[in-house]
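Below is the file model-v6.cif, which contains mmCIF, C-alpha atoms.
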data_input
loop_
_atom_site.label_atom_id
_atom_site.label_comp_id
_atom_site.auth_asym_id
_atom_site.auth_seq_id
_atom_site.Cartn_x
_atom_site.Cartn_y
_atom_site.Cartn_z
CA MET X 1 3.58 -11.16 -3.84
CA SER X 2 5.42 -13.74 -5.89
CA LYS X 3 7.06 -12.38 -9.01
CA GLN X 4 9.84 -13.86 -11.08
CA ALA X 5 12.77 -11.48 -11.42
CA ASN X 6 16.51 -11.13 -10.99
CA HIS X 7 18.74 -8.83 -8.98
CA GLN X 8 20.64 -6.55 -11.32
CA LEU X 9 21.94 -3.02 -11.03
CA PRO X 10 19.46 -0.54 -12.49
CA ASN X 11 20.34 2.94 -13.68
CA ASP X 12 18.02 4.85 -11.36
CA ALA X 13 17.23 2.37 -8.59
CA HIS X 14 20.42 0.41 -7.84
CA PRO X 15 19.03 -2.78 -6.32
CA GLY X 16 21.19 -4.87 -4.06
CA HIS X 17 21.18 -6.36 -0.61
CA SER X 18 20.58 -3.87 2.15
CA GLU X 19 21.13 -6.69 4.61
CA PRO X 20 24.64 -7.97 5.41
CA THR X 21 23.93 -11.47 4.15
CA GLY X 22 22.67 -13.18 1.04
CA GLY X 23 23.86 -13.54 -2.50
CA VAL X 24 22.48 -12.52 -5.85
CA ALA X 25 19.19 -14.17 -6.70
CA GLY X 26 18.80 -16.26 -9.80
CA LEU X 27 16.50 -15.61 -12.70
CA ASN X 28 13.75 -17.76 -11.20
CA GLU X 29 13.79 -16.28 -7.69
CA THR X 30 11.44 -13.71 -6.18
CA PRO X 31 13.36 -10.50 -5.34
CA ARG X 32 14.02 -10.01 -1.64
CA GLY X 33 12.11 -6.72 -1.61
CA GLU X 34 8.98 -8.58 -2.76
CA ARG X 35 9.12 -11.25 -0.03
CA LEU X 36 7.27 -11.24 3.27
CA HIS X 37 9.84 -10.42 5.99
CA ILE X 38 9.31 -12.53 9.13
CA ALA X 39 11.60 -11.58 12.01
CA VAL X 40 12.07 -13.94 14.96
CA PHE X 41 12.75 -12.28 18.31
CA GLY X 42 13.31 -13.65 21.79
CA ARG X 43 15.80 -14.20 24.58
CA ARG X 44 19.02 -16.16 24.14
CA ASN X 45 18.44 -19.89 23.96
CA ALA X 46 14.67 -19.50 23.55
CA GLY X 47 15.00 -21.68 20.44
CA LYS X 48 14.67 -18.99 17.75
CA SER X 49 17.01 -20.73 15.29
CA SER X 50 15.42 -24.11 16.01
CA LEU X 51 11.98 -22.64 15.30
CA ILE X 52 13.20 -21.27 11.98
CA ASN X 53 14.51 -24.71 11.01
CA ALA X 54 11.22 -26.32 12.03
CA ILE X 55 9.12 -23.80 10.09
CA ALA X 56 11.32 -24.12 7.01
CA ASN X 57 11.55 -27.91 7.44
CA GLN X 58 15.27 -27.72 6.72
CA GLU X 59 18.50 -26.83 8.51
CA VAL X 60 18.84 -23.17 7.53
CA ALA X 61 19.93 -21.70 10.88
CA ILE X 62 22.83 -22.74 13.11
CA ILE X 63 21.63 -24.14 16.44
CA SER X 64 23.62 -24.70 19.62
CA PRO X 65 22.88 -25.18 23.32
CA THR X 66 25.31 -22.33 23.99
CA PRO X 67 23.38 -19.06 24.56
CA GLY X 68 24.22 -16.28 22.10
CA THR X 69 25.12 -18.42 19.07
CA THR X 70 23.33 -15.95 16.78
CA THR X 71 25.26 -12.69 17.16
CA ASP X 72 23.91 -10.63 14.24
CA PRO X 73 20.63 -10.72 12.30
CA VAL X 74 20.80 -13.54 9.73
CA TYR X 75 18.62 -13.39 6.61
CA LYS X 76 17.35 -16.55 4.89
CA THR X 77 15.29 -16.29 1.71
CA MET X 78 13.13 -19.31 1.02
CA GLU X 79 9.72 -20.60 0.00
CA ILE X 80 7.57 -21.79 2.90
CA LEU X 81 4.39 -23.50 1.84
CA PRO X 82 1.72 -22.36 2.00
CA ILE X 83 3.00 -18.88 3.00
CA GLY X 84 5.05 -18.42 -0.20
CA PRO X 85 8.32 -16.53 -0.73
CA VAL X 86 9.63 -15.12 2.55
CA VAL X 87 12.73 -13.76 4.25
CA LEU X 88 13.21 -15.29 7.70
CA ILE X 89 15.32 -13.06 9.96
CA ASP X 90 17.05 -14.76 12.89
CA THR X 91 18.04 -12.17 15.52
CA ALA X 92 20.38 -12.11 18.49
CA GLY X 93 18.97 -12.67 21.99
CA LEU X 94 17.28 -9.59 23.43
CA ASP X 95 18.82 -10.36 26.83
CA ASP X 96 22.40 -10.26 25.51
CA GLU X 97 24.83 -8.59 27.92
CA GLY X 98 27.92 -6.40 27.93
CA ILE X 99 29.05 -3.79 25.40
CA LEU X 100 28.96 -6.24 22.47
CA GLY X 101 25.66 -7.64 23.70
CA SER X 102 24.09 -4.18 23.73
CA GLU X 103 25.24 -3.62 20.16
CA ARG X 104 23.74 -6.97 19.12
CA VAL X 105 20.43 -6.02 20.73
CA ARG X 106 20.51 -2.66 18.93
CA ARG X 107 21.05 -4.41 15.60
CA SER X 108 18.24 -6.84 16.33
CA LEU X 109 15.84 -3.98 17.05
CA HIS X 110 16.95 -2.24 13.86
CA VAL X 111 15.36 -5.18 12.04
CA LEU X 112 11.94 -3.83 13.09
CA ASP X 113 12.06 -1.27 10.28
CA LYS X 114 11.90 -4.02 7.66
CA THR X 115 9.66 -6.48 9.53
CA ASP X 116 6.28 -7.34 8.01
CA LEU X 117 5.44 -9.96 10.63
CA ALA X 118 7.06 -10.71 14.00
CA LEU X 119 7.40 -14.08 15.69
CA LEU X 120 8.24 -13.88 19.40
CA ALA X 121 9.87 -17.07 20.66
CA VAL X 122 9.30 -17.71 24.35
CA ASP X 123 11.09 -20.42 26.31
CA ALA X 124 8.00 -22.04 27.84
CA PRO X 125 9.83 -23.50 30.89
CA GLU X 126 11.25 -20.03 31.65
CA GLY X 127 7.86 -18.39 31.11
CA TRP X 128 6.93 -14.86 30.10
CA GLY X 129 9.12 -12.14 31.61
CA SER X 130 10.05 -8.48 31.35
CA ARG X 131 12.06 -8.97 28.13
CA GLU X 132 9.05 -10.46 26.40
CA ASP X 133 6.89 -7.66 27.79
CA GLU X 134 9.25 -5.05 26.32
CA ILE X 135 9.47 -6.50 22.82
CA ALA X 136 5.74 -7.29 22.65
CA SER X 137 4.93 -3.73 23.71
CA LEU X 138 7.30 -2.34 21.08
CA LEU X 139 5.77 -4.52 18.36
CA THR X 140 2.19 -3.64 19.24
CA GLU X 141 3.07 0.08 19.42
CA ARG X 142 4.34 -0.20 15.85
CA GLN X 143 1.16 -2.07 14.91
CA LEU X 144 3.21 -4.99 13.61
CA PRO X 145 1.41 -8.33 13.30
CA LEU X 146 2.68 -10.57 16.10
CA VAL X 147 2.56 -14.30 16.78
CA VAL X 148 3.90 -15.79 20.03
CA ALA X 149 5.46 -19.28 19.98
CA LEU X 150 5.74 -21.01 23.37
CA ASN X 151 8.71 -23.17 22.50
CA LYS X 152 9.70 -26.35 24.38
CA ALA X 153 6.06 -26.77 25.41
CA ASP X 154 6.53 -30.55 25.16
CA THR X 155 8.56 -30.40 28.39
CA LEU X 156 5.67 -28.93 30.40
CA ASP X 157 2.27 -30.03 31.55
CA PRO X 158 -0.41 -28.67 29.16
CA ASP X 159 -2.04 -26.85 32.09
CA VAL X 160 1.17 -24.84 32.61
CA THR X 161 1.32 -23.73 28.96
CA ALA X 162 -2.39 -22.86 29.14
CA ARG X 163 -1.70 -20.61 32.15
CA ILE X 164 1.18 -18.89 30.32
CA ARG X 165 -1.05 -18.33 27.30
CA ALA X 166 -3.81 -16.84 29.48
CA ALA X 167 -1.32 -14.55 31.23
CA VAL X 168 0.02 -13.26 27.91
CA GLN X 169 -3.43 -12.65 26.50
CA ASN X 170 -4.48 -10.84 29.67
CA ARG X 171 -1.48 -8.54 29.27
CA PHE X 172 -1.92 -8.02 25.51
CA PRO X 173 -4.90 -8.13 23.15
CA PRO X 174 -6.37 -11.62 22.80
CA ALA X 175 -6.02 -11.16 19.04
CA ILE X 176 -2.32 -12.04 19.45
CA PRO X 177 -2.15 -15.81 18.93
CA VAL X 178 -0.08 -17.77 21.46
CA ILE X 179 0.87 -21.19 20.06
CA PRO X 180 2.51 -23.96 22.17
CA VAL X 181 5.12 -25.69 20.00
CA SER X 182 8.15 -27.91 20.13
CA ALA X 183 10.91 -27.18 17.63
CA ARG X 184 12.45 -30.54 18.65
CA THR X 185 9.43 -32.77 17.98
CA LYS X 186 7.72 -30.43 15.45
CA ALA X 187 4.54 -30.55 17.55
CA GLY X 188 2.43 -27.43 16.98
CA ILE X 189 4.48 -26.24 13.97
CA GLU X 190 1.56 -26.54 11.55
CA ALA X 191 -0.63 -24.56 13.95
CA LEU X 192 2.14 -21.96 14.14
CA LYS X 193 2.29 -21.74 10.34
CA SER X 194 -1.48 -21.26 10.21
CA ALA X 195 -1.22 -18.43 12.74
CA LEU X 196 1.56 -16.80 10.70
CA ILE X 197 -0.51 -17.03 7.51
CA GLN X 198 -3.52 -15.45 9.18
CA ALA X 199 -1.43 -12.68 10.78
CA ALA X 200 0.32 -11.97 7.46
CA SER X 201 -2.92 -11.36 5.56
CA PRO X 202 -2.98 -7.59 5.01
CA GLU X 203 -6.10 -5.69 6.04
CA GLU X 204 -5.44 -3.14 3.31
CA GLU X 205 -4.23 -4.08 -0.15
CA GLU X 206 -0.80 -2.72 -1.02
CA PRO X 207 -0.58 -0.38 -4.03
CA SER X 208 -0.11 -2.07 -7.37
CA LEU X 209 2.91 -1.32 -9.51
CA LEU X 210 0.83 -0.84 -12.68
CA GLY X 211 -2.46 -2.65 -12.19
CA ASP X 212 -4.55 0.49 -11.57
CA LEU X 213 -3.01 2.32 -14.54
CA VAL X 214 -3.73 -0.20 -17.30
CA GLN X 215 -6.52 -2.44 -18.51
CA ALA X 216 -6.44 -5.76 -20.31
CA GLY X 217 -5.31 -5.25 -23.90
CA ASP X 218 -3.50 -1.94 -23.30
CA THR X 219 -0.03 -1.48 -24.75
CA VAL X 220 2.74 -0.01 -22.59
CA ILE X 221 6.14 0.95 -24.00
CA LEU X 222 9.10 0.35 -21.70
CA VAL X 223 12.22 2.34 -22.60
CA ALA X 224 15.23 0.39 -21.34
CA PRO X 225 18.56 2.01 -22.31
CA ILE X 226 21.46 -0.41 -22.74
CA ASP X 227 24.52 1.47 -21.53
CA ARG X 228 27.57 0.79 -19.37
CA SER X 229 25.39 0.52 -16.26
CA ALA X 230 23.15 -2.15 -17.77
CA PRO X 231 24.02 -5.74 -16.73
CA LYS X 232 25.28 -7.92 -19.54
CA GLY X 233 22.65 -10.28 -20.89
CA ARG X 234 19.90 -9.25 -18.46
CA LEU X 235 17.30 -6.62 -17.75
CA ILE X 236 17.34 -4.62 -14.53
CA LEU X 237 14.97 -5.50 -11.71
CA PRO X 238 12.42 -2.64 -12.10
CA GLN X 239 12.05 -3.43 -15.81
CA VAL X 240 11.50 -7.13 -15.12
CA GLN X 241 8.93 -6.39 -12.42
CA ALA X 242 7.07 -3.95 -14.68
CA ILE X 243 6.90 -6.55 -17.46
CA ARG X 244 5.64 -9.19 -15.03
CA ASP X 245 3.01 -6.84 -13.60
CA LEU X 246 1.77 -5.98 -17.08
CA LEU X 247 1.52 -9.68 -17.91
CA ASP X 248 -0.41 -10.26 -14.67
CA HIS X 249 -2.94 -7.65 -15.82
CA HIS X 250 -3.11 -8.94 -19.41
CA ALA X 251 -1.53 -5.80 -20.88
CA GLN X 252 1.12 -5.81 -23.61
CA ALA X 253 4.69 -4.72 -22.90
CA LEU X 254 6.82 -3.39 -25.76
CA THR X 255 10.44 -3.04 -24.57
CA ILE X 256 12.78 -0.84 -26.63
CA GLN X 257 15.76 1.49 -26.38
CA SER X 258 15.20 5.26 -26.49
CA GLU X 259 16.36 5.74 -30.10
CA GLU X 260 13.80 3.17 -31.23
CA LEU X 261 10.84 5.07 -29.75
CA PRO X 262 9.74 6.92 -32.96
CA MET X 263 9.68 3.67 -34.92
CA ALA X 264 7.78 1.90 -32.12
CA LEU X 265 5.14 4.64 -31.96
CA ALA X 266 4.74 4.61 -35.75
CA SER X 267 4.26 0.82 -35.78
CA LEU X 268 1.32 0.86 -33.34
CA ARG X 269 -2.24 1.07 -34.69
CA ASN X 270 -3.31 2.86 -31.49
CA PRO X 271 -1.17 5.05 -29.19
CA PRO X 272 0.25 3.30 -26.12
CA LYS X 273 -1.59 3.76 -22.83
CA LEU X 274 1.68 4.67 -21.12
CA ILE X 275 5.41 5.06 -21.74
CA ILE X 276 7.75 4.15 -18.87
CA THR X 277 11.40 5.16 -19.17
CA ASP X 278 14.58 4.93 -17.20
CA SER X 279 14.94 8.32 -15.47
CA GLN X 280 18.31 8.99 -17.08
CA ALA X 281 16.65 8.96 -20.50
CA PHE X 282 13.94 11.45 -19.45
CA GLN X 283 15.12 14.30 -21.68
CA THR X 284 15.38 12.18 -24.81
CA VAL X 285 12.16 10.26 -24.27
CA ASN X 286 10.22 13.39 -23.29
CA ALA X 287 11.26 15.08 -26.53
CA LEU X 288 10.22 12.04 -28.59
CA THR X 289 6.87 11.42 -26.86
CA PRO X 290 3.79 13.33 -28.09
CA GLU X 291 2.16 15.42 -25.37
CA GLU X 292 -1.07 13.41 -25.46
CA ILE X 293 0.76 10.21 -24.39
CA THR X 294 1.31 9.69 -20.66
CA LEU X 295 4.97 9.43 -19.62
CA THR X 296 6.55 8.38 -16.33
CA SER X 297 9.59 6.46 -15.07
CA PHE X 298 10.37 3.18 -13.35
CA SER X 299 11.69 5.08 -10.33
CA ILE X 300 8.51 7.14 -9.96
CA LEU X 301 6.46 3.94 -10.15
CA PHE X 302 8.59 2.46 -7.39
CA ALA X 303 8.26 5.66 -5.34
CA ARG X 304 4.54 4.94 -5.12
CA TYR X 305 4.84 1.14 -4.93
CA LYS X 306 7.41 1.04 -2.14
CA GLY X 307 6.92 4.36 -0.35
CA ASP X 308 4.90 7.57 -0.33
CA LEU X 309 4.87 9.35 -3.70
CA CYS X 310 3.14 12.43 -2.30
CA GLU X 311 5.86 12.86 0.34
CA LEU X 312 8.56 12.47 -2.30
CA ALA X 313 6.81 14.94 -4.61
CA ALA X 314 6.75 17.44 -1.75
CA GLY X 315 10.47 16.81 -1.34
CA ALA X 316 11.05 17.83 -4.95
CA LYS X 317 9.71 21.29 -4.15
CA ALA X 318 12.42 21.62 -1.49
CA ILE X 319 15.07 21.55 -4.21
CA GLU X 320 13.96 25.11 -5.01
CA ARG X 321 15.08 26.19 -1.52
CA LEU X 322 18.60 24.74 -1.79
CA ARG X 323 21.46 27.23 -1.67
CA PRO X 324 25.19 26.79 -2.38
CA GLY X 325 26.90 25.11 0.58
CA ASP X 326 23.79 23.25 1.76
CA ARG X 327 24.21 19.64 2.85
CA VAL X 328 22.59 16.87 0.81
CA LEU X 329 22.42 13.19 1.79
CA ILE X 330 22.28 10.74 -1.12
CA ALA X 331 21.06 7.39 0.20
CA GLU X 332 21.08 4.08 -1.63
CA ALA X 333 19.54 0.92 -0.24
CA CYS X 334 22.32 -1.33 -1.49
CA THR X 335 26.01 -1.48 -2.18
CA HIS X 336 27.09 -1.61 -5.81
CA HIS X 337 30.04 -0.88 -8.06
CA ARG X 338 29.85 2.74 -9.17
CA THR X 339 30.77 3.70 -12.74
CA ASP X 340 32.45 6.94 -13.82
CA ASP X 341 29.06 8.47 -14.64
CA ASP X 342 27.17 6.98 -11.67
CA ILE X 343 23.69 8.38 -11.23
CA GLY X 344 23.95 8.99 -7.49
CA LYS X 345 27.62 9.96 -7.30
CA VAL X 346 27.98 12.06 -10.45
CA LYS X 347 24.84 12.87 -12.42
CA ILE X 348 22.35 13.93 -9.75
CA PRO X 349 24.95 16.12 -7.94
CA ALA X 350 25.79 17.81 -11.26
CA TRP X 351 22.12 18.51 -12.02
CA LEU X 352 21.51 19.83 -8.49
CA GLU X 353 24.49 22.17 -8.65
CA ARG X 354 23.40 23.45 -12.05
CA LYS X 355 20.03 24.24 -10.47
CA VAL X 356 21.43 26.07 -7.41
CA GLU X 357 24.26 27.65 -9.42
CA GLY X 358 26.89 26.61 -6.92
CA LYS X 359 28.53 23.77 -5.03
CA LEU X 360 26.70 21.64 -2.49
CA SER X 361 28.12 19.47 0.31
CA TYR X 362 27.32 15.76 -0.16
CA THR X 363 27.24 12.71 2.06
CA TRP X 364 26.71 9.30 0.43
CA VAL X 365 25.46 6.23 2.29
CA SER X 366 24.82 2.72 0.99
CA GLY X 367 23.17 -0.27 2.63
CA GLY X 368 20.66 -0.68 5.41
CA THR X 369 21.40 2.29 7.68
CA LEU X 370 21.04 6.07 7.61
CA PRO X 371 23.20 8.55 9.56
CA ALA X 372 22.26 8.93 13.23
CA ASP X 373 21.76 12.70 12.92
CA LEU X 374 19.68 13.64 9.90
CA SER X 375 18.84 17.17 11.03
CA GLU X 376 22.09 18.54 9.59
CA PHE X 377 20.88 17.95 6.01
CA GLN X 378 18.73 20.27 3.93
CA LEU X 379 17.65 17.45 1.58
CA VAL X 380 17.77 13.65 1.29
CA VAL X 381 17.79 12.09 -2.17
CA HIS X 382 16.91 8.38 -1.94
CA CYS X 383 17.31 5.67 -4.58
CA GLY X 384 14.32 3.91 -6.14
CA ALA X 385 14.23 1.38 -3.23
CA CYS X 386 13.42 -1.60 -5.43
CA MET X 387 15.43 -3.83 -3.05
CA LEU X 388 13.59 -2.65 0.09
CA ASN X 389 10.21 -3.91 1.17
CA ARG X 390 7.44 -1.33 1.54
CA ARG X 391 7.51 -1.28 5.35
CA GLN X 392 11.24 -0.61 5.40
CA MET X 393 11.00 2.26 2.90
CA LEU X 394 8.09 3.83 4.78
CA ALA X 395 10.11 3.57 8.02
CA ARG X 396 13.00 5.36 6.33
CA LEU X 397 10.73 8.13 5.04
CA HIS X 398 9.18 8.54 8.49
CA ARG X 399 12.57 8.84 10.15
CA ILE X 400 13.78 11.43 7.63
CA THR X 401 10.65 13.59 7.75
CA SER X 402 10.48 13.32 11.56
CA ALA X 403 13.89 15.01 11.58
CA GLY X 404 12.33 17.89 9.64
CA VAL X 405 14.23 17.06 6.44
CA PRO X 406 12.54 16.90 3.01
CA VAL X 407 13.16 13.72 1.00
CA VAL X 408 12.88 12.97 -2.71
CA ASN X 409 13.85 9.92 -4.74
CA TYR X 410 16.01 9.62 -7.84
CA GLY X 411 13.24 9.55 -10.44
CA VAL X 412 11.17 12.36 -8.92
CA SER X 413 14.24 14.60 -8.48
CA ILE X 414 15.48 13.97 -12.03
CA ALA X 415 12.06 14.79 -13.49
CA TYR X 416 11.93 17.99 -11.41
CA LEU X 417 15.44 19.06 -12.39
CA HIS X 418 14.58 18.56 -16.07
CA GLY X 419 11.36 20.53 -15.81
CA ILE X 420 9.01 17.64 -16.61
CA LEU X 421 7.77 16.58 -13.15
CA PRO X 422 4.12 17.61 -13.75
CA ARG X 423 4.03 15.49 -16.90
CA THR X 424 5.58 12.43 -15.26
CA LEU X 425 3.20 12.68 -12.28
CA SER X 426 0.10 13.00 -14.49
CA PRO X 427 -0.93 9.35 -13.82
CA PHE X 428 -0.99 10.14 -10.07
CA PRO X 429 -3.45 12.98 -9.31
CA ASP X 430 -2.71 13.15 -5.56
CA ALA X 431 1.02 13.66 -6.13
CA LEU X 432 0.31 16.14 -8.92
CA ARG X 433 -1.80 18.24 -6.53
CA VAL X 434 1.10 18.31 -4.07
CA ILE X 435 3.51 19.95 -6.49
CA ARG X 436 0.85 22.38 -7.74
CA SER X 437 -0.29 23.46 -4.28
#

Written as structure tokens, how would this file's structure read?
Amino acid sequence: MSKQANHQLPNDAHPGHSEPTGGVAGLNETPRGERLHIAVFGRRNAGKSSLINAIANQEVAIISPTPGTTTDPVYKTMEILPIGPVVLIDTAGLDDEGILGSERVRRSLHVLDKTDLALLAVDAPEGWGSREDEIASLLTERQLPLVVALNKADTLDPDVTARIRAAVQNRFPPAIPVIPVSARTKAGIEALKSALIQAASPEEEEPSLLGDLVQAGDTVILVAPIDRSAPKGRLILPQVQAIRDLLDHHAQALTIQSEELPMALASLRNPPKLIITDSQAFQTVNALTPEEITLTSFSILFARYKGDLCELAAGAKAIERLRPGDRVLIAEACTHHRTDDDIGKVKIPAWLERKVEGKLSYTWVSGGTLPADLSEFQLVVHCGACMLNRRQMLARLHRITSAGVPVVNYGVSIAYLHGILPRTLSPFPDALRVIRS
């Protein structure tokens, strides 16, 4: 998906970089969470960085004949024609050794949670070995699309590369393409790109942000409060993406602040199809919106778009079971500067404690990792995840629920705590049935 937007700090989603690298995108760049994530795995000196440079047709990764040059996953956002906007992830060698080497391998495997498509680089002269077997097995178990690149194939007789390809396809499904290439001469790179494009084509269409909720000609009101959390001179990422999605579906977007809602409603000849608000303005906007008009939030839209709205709705019901002293994890996918009235640090804890009529014990995490032991928490409250790709958010939800812990996101929890969750889930019948069951 290629959508023009900018990385800014939203009130209820807090976008930022969950990865350790990368700067803030410009106004004309596709957000990282909307890009196809292609992770390159392989042994040290298999030519992973060289392959990335050859695919990108530019020097974006550091290359060296010394094994282990790449020590941590490196993220490069770019446009690769004809694939489109992607994030290429260069990982450390899976055969790295020693204590530090084991940590590098662990970090490389952590990348799997955010990988949409995997490229396994194999040093053709070395052949296919146990390391390749292990990573290929792990990728196929996770049902991740996989392409194998037999790098340095120009140094071997074609019959040798053909035998390696046959051996790989005998071990794994023939549907996995095995492409002989040379990162040095660029031979086979176009064939590799074609294989990546074919592997990246989703069998099932991802959920739309708004496309199934509106029709051409509909009017949607977006309530975008301008407060201390709002970036100067810009809109926040979820608002920009909602506007773009409405434009893509030929609907009209009317963007206002909450106090302007009565005037906006009065100016329309027909009622809007939908009102979308920042979650922090739920109370005000709910009071100003007639009951017959559908109301939801940016964060709830992203809960469906990036994760599993039904799972998060079920998590909202768990708030009822919280008792004073219970442990709550508040997880944000990025690092950002918190204000005095920060939504995750201040407001949500205050609303939760008002609900349970007592103090709760909080742990806050930011960035790409969650605590190793999640079973000690009675609830996880996650941000809107607008900076994560869908696969990464689903992996997070799976890990949390596998630990037996309910999870809810900012927008869903805020709507629940203000008593308006059924109304804000009315556009989503499946999630509505969850909270009414």

Exercise: stretch 289-294 of chain X partners within 7 Å, all atoms listed in the file, chain neighbours under 2 positions left out, as a list of chain:residue names: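 Non-adjacent residues within range: X:Lys273, X:Leu274, X:Ile275, X:Val285, X:Asn286, X:Ala287, X:Thr296.
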
One decimal, Å: what's the distance from atom CA of X:Ile89 over to atom CA of X:Ala39, could you say? 4.5 Å

Nearby residues (all atoms listed in the file) at most 8 Å from stretch 111-119 of chain X, same-chain spacing under 6 positions excluded, as a PyMOL selection string: chain X and resi 36-41+73+139+144-149+196+199-200+388-389+391-393+395-396

Mind giving me the straight-line distance from atom CA of X:Ile330 to atom CA of X:His382 in Å, one decimal?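 Computed distance, atom CA of X:Ile330 to atom CA of X:His382, equals 5.9 Å.
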
Once the PyMOL selection byres ((chain X and resi 381) around 12) has been evaluated on this model, what residues remain selected, and can you format them as a PyMOL selection string? chain X and resi 12-13+303+312-313+315-316+318-319+327-333+343-345+348-349+352+362-365+370+377-380+382-385+396-397+400+405-414

Expand the PyMOL selection byres ((chain X and resi 248) around 12) into the individual residues it matches in the shown file, reporting them as a list in words.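 Evaluating the PyMOL selection byres ((chain X and resi 248) around 12) on this file yields Met1, Ser2, Lys3, Gln4, Ser208, Leu209, Leu210, Gly211, Asp212, Val214, Gln215, Ala216, Gly217, Gln241, Ala242, Ile243, Arg244, Asp245, Leu246, Leu247, His249, His250, Ala251, Gln252 and Ala253 of chain X.
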
List the neighbours of X:Ser130 out to 12 Å using all atoms listed in the file; skip same-chain residues closer than 5 positions along the sequence, and give me the result as a PDB file with C-alpha atoms, in the coordinates of the input.
ATOM      1  CA  GLY X  42      13.310 -13.650  21.790  1.00  0.00           C
ATOM      2  CA  ARG X  43      15.800 -14.200  24.580  1.00  0.00           C
ATOM      3  CA  LEU X  94      17.280  -9.590  23.430  1.00  0.00           C
ATOM      4  CA  ASP X  95      18.820 -10.360  26.830  1.00  0.00           C
ATOM      5  CA  VAL X 122       9.300 -17.710  24.350  1.00  0.00           C
ATOM      6  CA  ILE X 135       9.470  -6.500  22.820  1.00  0.00           C
ATOM      7  CA  ALA X 136       5.740  -7.290  22.650  1.00  0.00           C
ATOM      8  CA  SER X 137       4.930  -3.730  23.710  1.00  0.00           C
ATOM      9  CA  VAL X 168       0.020 -13.260  27.910  1.00  0.00           C
ATOM     10  CA  ARG X 171      -1.480  -8.540  29.270  1.00  0.00           C
TER      11      ARG X 171
END

How would you write, as a compact mmCIF listing (two decimals) with C-alpha atoms, keeping the file's coordinate frame, the residues chosen by the PyMOL selection byres ((chain X and resi 190) around 12) on this structure?
# COMPACT_ATOMS: atom_id res chain seq x y z
CA LEU X 51 11.98 -22.64 15.30
CA ALA X 54 11.22 -26.32 12.03
CA ILE X 55 9.12 -23.80 10.09
CA ALA X 56 11.32 -24.12 7.01
CA ASN X 57 11.55 -27.91 7.44
CA ILE X 80 7.57 -21.79 2.90
CA LEU X 81 4.39 -23.50 1.84
CA PRO X 82 1.72 -22.36 2.00
CA ILE X 83 3.00 -18.88 3.00
CA ALA X 149 5.46 -19.28 19.98
CA ILE X 179 0.87 -21.19 20.06
CA PRO X 180 2.51 -23.96 22.17
CA VAL X 181 5.12 -25.69 20.00
CA SER X 182 8.15 -27.91 20.13
CA ALA X 183 10.91 -27.18 17.63
CA THR X 185 9.43 -32.77 17.98
CA LYS X 186 7.72 -30.43 15.45
CA ALA X 187 4.54 -30.55 17.55
CA GLY X 188 2.43 -27.43 16.98
CA ILE X 189 4.48 -26.24 13.97
CA ALA X 191 -0.63 -24.56 13.95
CA LEU X 192 2.14 -21.96 14.14
CA LYS X 193 2.29 -21.74 10.34
CA SER X 194 -1.48 -21.26 10.21
CA ALA X 195 -1.22 -18.43 12.74
CA LEU X 196 1.56 -16.80 10.70
CA ILE X 197 -0.51 -17.03 7.51

Interatomic distance (Å, one decimal) between atom CA of X:Gln198 and atom CA of X:Asp159: 25.6 Å

Which residues are near X:Ala403? Cut-off 9 Å, only C-alpha atoms, ignore same chain within fewer than 3 positions. Put them as a JSON list (two decimals) with C-alpha atoms, in the coordinates of the input.
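For reference, around.json as written:
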[["chain", "number", "residue", "atom", "x", "y", "z"],
["X", 373, "ASP", "CA", 21.76, 12.70, 12.92],
["X", 374, "LEU", "CA", 19.68, 13.64, 9.90],
["X", 375, "SER", "CA", 18.84, 17.17, 11.03],
["X", 398, "HIS", "CA", 9.18, 8.54, 8.49],
["X", 399, "ARG", "CA", 12.57, 8.84, 10.15],
["X", 400, "ILE", "CA", 13.78, 11.43, 7.63],
["X", 406, "PRO", "CA", 12.54, 16.90, 3.01]]

Nearest to X:Ser267, chosen from X:Ala167, X:Ile236, X:Ser279, X:Leu254, with all atoms listed in the file counted in the distances: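 Looking only at the distances to X:Ser267, the closest residue turns out to be X:Leu254.
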
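Nearest to X:Pro429 of all the residues X:Cys310, X:Ile256, X:Ile226, X:Ala124 is X:Cys310, based on all atoms listed in the file.
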
Would you mind completing stretch 105-110 of chain X so that it carries N, CA and C atoms, and writing it out as an mmCIF file, in the frame of the given file?
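Writing done, so here's out_4.cif:
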data_model
loop_
_atom_site.group_PDB
_atom_site.id
_atom_site.type_symbol
_atom_site.label_atom_id
_atom_site.label_comp_id
_atom_site.auth_asym_id
_atom_site.auth_seq_id
_atom_site.Cartn_x
_atom_site.Cartn_y
_atom_site.Cartn_z
ATOM 1 N N VAL X 105 21.837 -6.324 20.494
ATOM 2 C CA VAL X 105 20.430 -6.020 20.730
ATOM 3 C C VAL X 105 19.996 -4.852 19.861
ATOM 4 N N ARG X 106 20.836 -3.829 19.763
ATOM 5 C CA ARG X 106 20.510 -2.660 18.930
ATOM 6 C C ARG X 106 20.301 -3.087 17.479
ATOM 7 N N ARG X 107 21.184 -3.956 16.980
ATOM 8 C CA ARG X 107 21.050 -4.410 15.600
ATOM 9 C C ARG X 107 19.796 -5.261 15.414
ATOM 10 N N SER X 108 19.459 -6.035 16.417
ATOM 11 C CA SER X 108 18.240 -6.840 16.330
ATOM 12 C C SER X 108 17.014 -5.942 16.249
ATOM 13 N N LEU X 109 16.984 -4.881 17.062
ATOM 14 C CA LEU X 109 15.840 -3.980 17.050
ATOM 15 C C LEU X 109 15.776 -3.163 15.768
ATOM 16 N N HIS X 110 16.927 -2.947 15.145
ATOM 17 C CA HIS X 110 16.950 -2.240 13.860
ATOM 18 C C HIS X 110 16.175 -3.012 12.800
#
